[in-house]
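Enquirer: The structure that follows is given in the form of structure tokens.
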Amino acid sequence: MIPKWLKDYIKKNKETAWKEGYNWAAGALLRGEETPISIEAYTYNNNKEAFDFGSEEAVNKLIELNIILDDRI
């Protein structure tokens, strides 16, 4: 059995990593440093973590809002 404090700690770390991934990807896309396909290349594997899911969400959101063009295949 995992103690509650450890579950809370793990959850907070995942949330922080997700936000960091989201912020990194959104900033890089808006500055023109990255493209959707380049970010997808970073996160293209079966071992995705919270940072990867956050960056993918930023890509999808900016495409959905028509702020960036989707260059993914």
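Naming scheme: A, B, ... for chains in displayed order of the structure tokens; residues 1 onward per chain; ligands 1 onward as shown.
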Which residues are near region 57-60 of chain A? Cut-off 10 Å, only C-alpha atoms, ignore same chain within fewer than 5 positions. Put them as a list in words.
Expert: Trp18, Lys19, Gly21, Tyr22, Asn23, Trp24, Ala25, Ala26, Gly27, Leu29, Thr35, Pro36, Ile37, Ile39, Glu40, Phe51, Asp52, Leu65, Asn66, Ile67, Ile68, Leu69 and Asp70 of chain A
